[in-house]
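Shown next, in structure tokens, is the structure this report addresses.
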Amino acid sequence: MPLRLLFAVTLTGGHTVPALGVAAAVRKRHPDTIIRFVGVARGVEARLVPHAGYVLDTLPVIGLKRRLHLDLLHFPWSLLRGICSSFRILISYHPHAVICTGGHVSGPVGVAARVLGIPLVLHESNNYPGLTVRLLSRAARQVYLAFEGARRRVGGREKRVVGNPVRDGWRRVDKQGARRRLGLDEDRITLFVTGASQGSMGINRAVADALTVLTKRGYQILWQTGRVGYHAAASAARRCGGRVVVREFIDDMAVAYSAADLALTRAGAITITEMTQLGVPALMVPLPLAAENHQVHNAKMMVRAGAARMVHESELSAERLVQEVSGMIDTTGLLSDMARRSRALAVPDAAARMVEGMAHRGLLRGER
């Protein structure tokens, strides 16, 4: 009987990318494995999962708000519907194991798996584990963590720090070649700006106001804006003499990071993982509304390692942005030292480690 696995992901690349990395590693070990995903229709999984060739089921669930919001009235009903839908999916598909990567889809799927006696495996991509992973950890067969700092915050008998799995084939490309592919000058110092897959209004506003000064200092900018910020950014870039390349979304982020001398980013787990794999120095602006402030915890870890600097969004302005970027670029040897420290944090075989750990416990045998 072929091995059947179900992955539960929610909304962001921080949940979806590790799951895709593990799925690809399982397929390398067991090519006939049948893999399905469950997520939400409005998340990045709706694009990434089908693109990777997997079936995606969706749940009618909403997240638990951490502040007063009308959604708090709907949450209990949404959770109940999500659990009922999860039971239907699991009973129909009958997976040999369920792998959850956190977020509000993992909650009902994990509960249903536990009740049905299906082995539950968790992966937490952040330095500060999310509420769902913390609650499910004591019911899980295995808990995999990206960072050592997360270990003391989760339960469970078997906890392993393996790093964050990345997309299959993720690797650095030649810097000049990457710049040519993106329409950039091959020899100019390059700042890559990204507010993650959905963009960042706070980062976009500061960059738009700083463009003229940054380009006059000789830098060029590759700017991924997200859908909402694209047109305003494109308009602002037109006054900069071709030194700003604006993209709504970049599919091959390895090429974008490879083109950069410095990245201005959020502090999501996958952003950090992908940058450290390629050794990219960063100026990080954590998402201020991230659940339990986990992006600040992520960014502080990078700052302590000497791989990044951090600015809170409330302190971000055009003037502060120019000051930070110029200071980092103009300090002799700083970016190369930060790049070296960033690479030292990378765990390139995280997916293989996780798959090996699951196999060791008999979770990939195609039987229960």
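In the structure tokens, chains take the letters A, B, ... in the order shown, each chain's residues start at 1, and ligands count up from 1 in the order shown.
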
Taking the chain letters and numbering used in this document, name the residues of stretch 147-332 of chain A that DSSP puts in strand (DSSP E), as a ChimeraX atom specification. /A:159-161,190-194,220-224,244-247,262-265,282-284,308-310

Would you export the selected residues with C-alpha atoms as a JSON list (two decimals), in the first residue's frame, please?
```json
[["chain", "number", "residue", "atom", "x", "y", "z"],
["A", 159, "LYS", "CA", 11.65, 17.33, 20.27],
["A", 160, "ARG", "CA", 14.33, 17.80, 17.64],
["A", 161, "VAL", "CA", 15.98, 20.96, 16.30],
["A", 190, "THR", "CA", 22.20, 46.39, -4.91],
["A", 191, "LEU", "CA", 19.57, 46.66, -2.20],
["A", 192, "PHE", "CA", 16.78, 44.09, -2.37],
["A", 193, "VAL", "CA", 13.53, 45.19, -0.71],
["A", 194, "THR", "CA", 10.77, 42.74, 0.14],
["A", 220, "GLN", "CA", 20.31, 50.33, -7.26],
["A", 221, "ILE", "CA", 17.16, 48.79, -5.83],
["A", 222, "LEU", "CA", 15.24, 45.62, -6.59],
["A", 223, "TRP", "CA", 11.83, 46.13, -4.99],
["A", 224, "GLN", "CA", 9.20, 43.42, -4.52],
["A", 244, "VAL", "CA", 14.96, 50.87, -9.46],
["A", 245, "VAL", "CA", 13.40, 47.62, -10.69],
["A", 246, "VAL", "CA", 9.90, 47.10, -9.31],
["A", 247, "ARG", "CA", 8.18, 43.71, -9.28],
["A", 262, "LEU", "CA", 21.93, 43.81, 1.30],
["A", 263, "ALA", "CA", 18.26, 42.94, 1.87],
["A", 264, "LEU", "CA", 15.58, 45.03, 3.58],
["A", 265, "THR", "CA", 13.04, 42.50, 4.81],
["A", 282, "ALA", "CA", 19.81, 42.06, 6.25],
["A", 283, "LEU", "CA", 18.15, 45.09, 7.72],
["A", 284, "MET", "CA", 15.00, 43.66, 9.32],
["A", 308, "ALA", "CA", 21.31, 41.45, 10.63],
["A", 309, "ARG", "CA", 20.27, 44.77, 12.11],
["A", 310, "MET", "CA", 16.74, 45.60, 13.18]]
```

List the spatial neighbours of A:Arg340 as a ChimeraX atom specification - criterion: any atom at most 8 Å away, only C-alpha atoms, same-chain residues fewer than 4 positions off excluded.
/A:279,307,336,344

Go ahead and write the residues just picked, all heavy atoms, as a short mmCIF file (atom, residue, chain, number, x, y, z; two decimals), in the first residue's frame.
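Output contents, as saved in out35.cif:
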```cif
data_model
loop_
_atom_site.label_atom_id
_atom_site.label_comp_id
_atom_site.auth_asym_id
_atom_site.auth_seq_id
_atom_site.Cartn_x
_atom_site.Cartn_y
_atom_site.Cartn_z
N GLY A 279 23.50 33.39 2.62
CA GLY A 279 24.43 34.31 3.24
C GLY A 279 24.19 35.76 2.85
O GLY A 279 25.10 36.45 2.39
N ALA A 307 24.20 38.77 12.01
CA ALA A 307 23.82 38.58 10.61
C ALA A 307 22.84 39.64 10.12
O ALA A 307 22.54 39.69 8.93
CB ALA A 307 23.20 37.20 10.43
N SER A 336 30.43 41.85 4.28
CA SER A 336 31.04 40.54 4.09
C SER A 336 31.08 39.76 5.40
O SER A 336 30.88 38.54 5.42
CB SER A 336 32.45 40.67 3.50
OG SER A 336 33.28 41.44 4.37
N ALA A 344 26.64 30.97 8.54
CA ALA A 344 26.92 30.07 9.66
C ALA A 344 25.64 29.59 10.35
O ALA A 344 25.65 28.58 11.05
CB ALA A 344 27.82 30.78 10.68
#
```

Discussion item. For stretch 47-49 of chain A, find every residue with an atom within 9 Å (counting only C-alpha atoms), except residues of its own chain fewer than 3 positions away, and show them as a VMD selection string.
Written reply: chain A and resid 13 16 to 17 20 37 43 to 44 52 to 56

Near-A:Ala97 list (7 Å; only C-alpha atoms; drop same-chain fewer than 3 positions) as a CSV table (one decimal) with all heavy atoms, in the first residue's frame:
```
chain,number,residue,atom,x,y,z
A,5,LEU,N,0.4,10.8,3.0
A,5,LEU,CA,0.7,11.8,4.0
A,5,LEU,C,-0.2,13.0,3.8
A,5,LEU,O,-0.5,13.4,2.6
A,5,LEU,CB,2.1,12.3,4.0
A,5,LEU,CG,3.2,11.2,4.2
A,5,LEU,CD1,4.6,11.8,4.1
A,5,LEU,CD2,3.0,10.6,5.6
A,6,LEU,N,-0.6,13.7,4.8
A,6,LEU,CA,-1.4,14.9,4.8
A,6,LEU,C,-0.6,16.0,5.5
A,6,LEU,O,-0.2,15.9,6.6
A,6,LEU,CB,-2.8,14.8,5.4
A,6,LEU,CG,-3.7,16.0,5.3
A,6,LEU,CD1,-4.2,16.2,3.9
A,6,LEU,CD2,-4.8,15.9,6.3
A,118,ILE,N,-4.4,8.9,14.3
A,118,ILE,CA,-3.4,9.1,13.2
A,118,ILE,C,-2.1,9.8,13.8
A,118,ILE,O,-2.3,10.8,14.4
A,118,ILE,CB,-4.0,9.9,12.1
A,118,ILE,CG1,-5.2,9.2,11.5
A,118,ILE,CG2,-2.9,10.1,10.9
A,118,ILE,CD1,-6.0,10.1,10.5
A,119,PRO,N,-0.9,9.2,13.6
A,119,PRO,CA,0.3,9.9,14.1
A,119,PRO,C,0.4,11.3,13.6
A,119,PRO,O,0.2,11.6,12.4
A,119,PRO,CB,1.4,9.0,13.5
A,119,PRO,CG,0.8,7.7,13.3
A,119,PRO,CD,-0.7,8.0,12.9
A,120,LEU,N,0.7,12.2,14.6
A,120,LEU,CA,0.7,13.6,14.4
A,120,LEU,C,2.2,14.1,14.5
A,120,LEU,O,2.8,13.8,15.5
A,120,LEU,CB,-0.2,14.4,15.3
A,120,LEU,CG,-0.1,15.9,15.3
A,120,LEU,CD1,-0.6,16.4,14.0
A,120,LEU,CD2,-1.0,16.5,16.4
A,363,LEU,N,7.3,6.1,10.9
A,363,LEU,CA,6.1,6.9,10.4
A,363,LEU,C,6.0,7.0,8.9
A,363,LEU,O,5.1,7.5,8.4
A,363,LEU,CB,6.2,8.3,11.0
A,363,LEU,CG,6.2,8.5,12.5
A,363,LEU,CD1,6.3,9.9,12.9
A,363,LEU,CD2,4.9,7.9,13.0
```

Enumerate, as a ChimeraX atom specification, the complete set of residues in stretch 36-263 of chain A that a backbone-based DSSP assignment places in helix (DSSP H, G or I).
/A:45-51,71-93,106-116,131-139,148-153,175-181,201-216,230-240,253-259

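For the set A:Arg114, A:Arg266, A:Glu248, A:Leu3, the residue with the smallest atom-to-atom gap to A:Gly362 is A:Leu3, counting only C-alpha atoms.
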
One decimal place gives the atom CA of A:Val296-atom CA of A:Leu345 separation as 17.4 Å
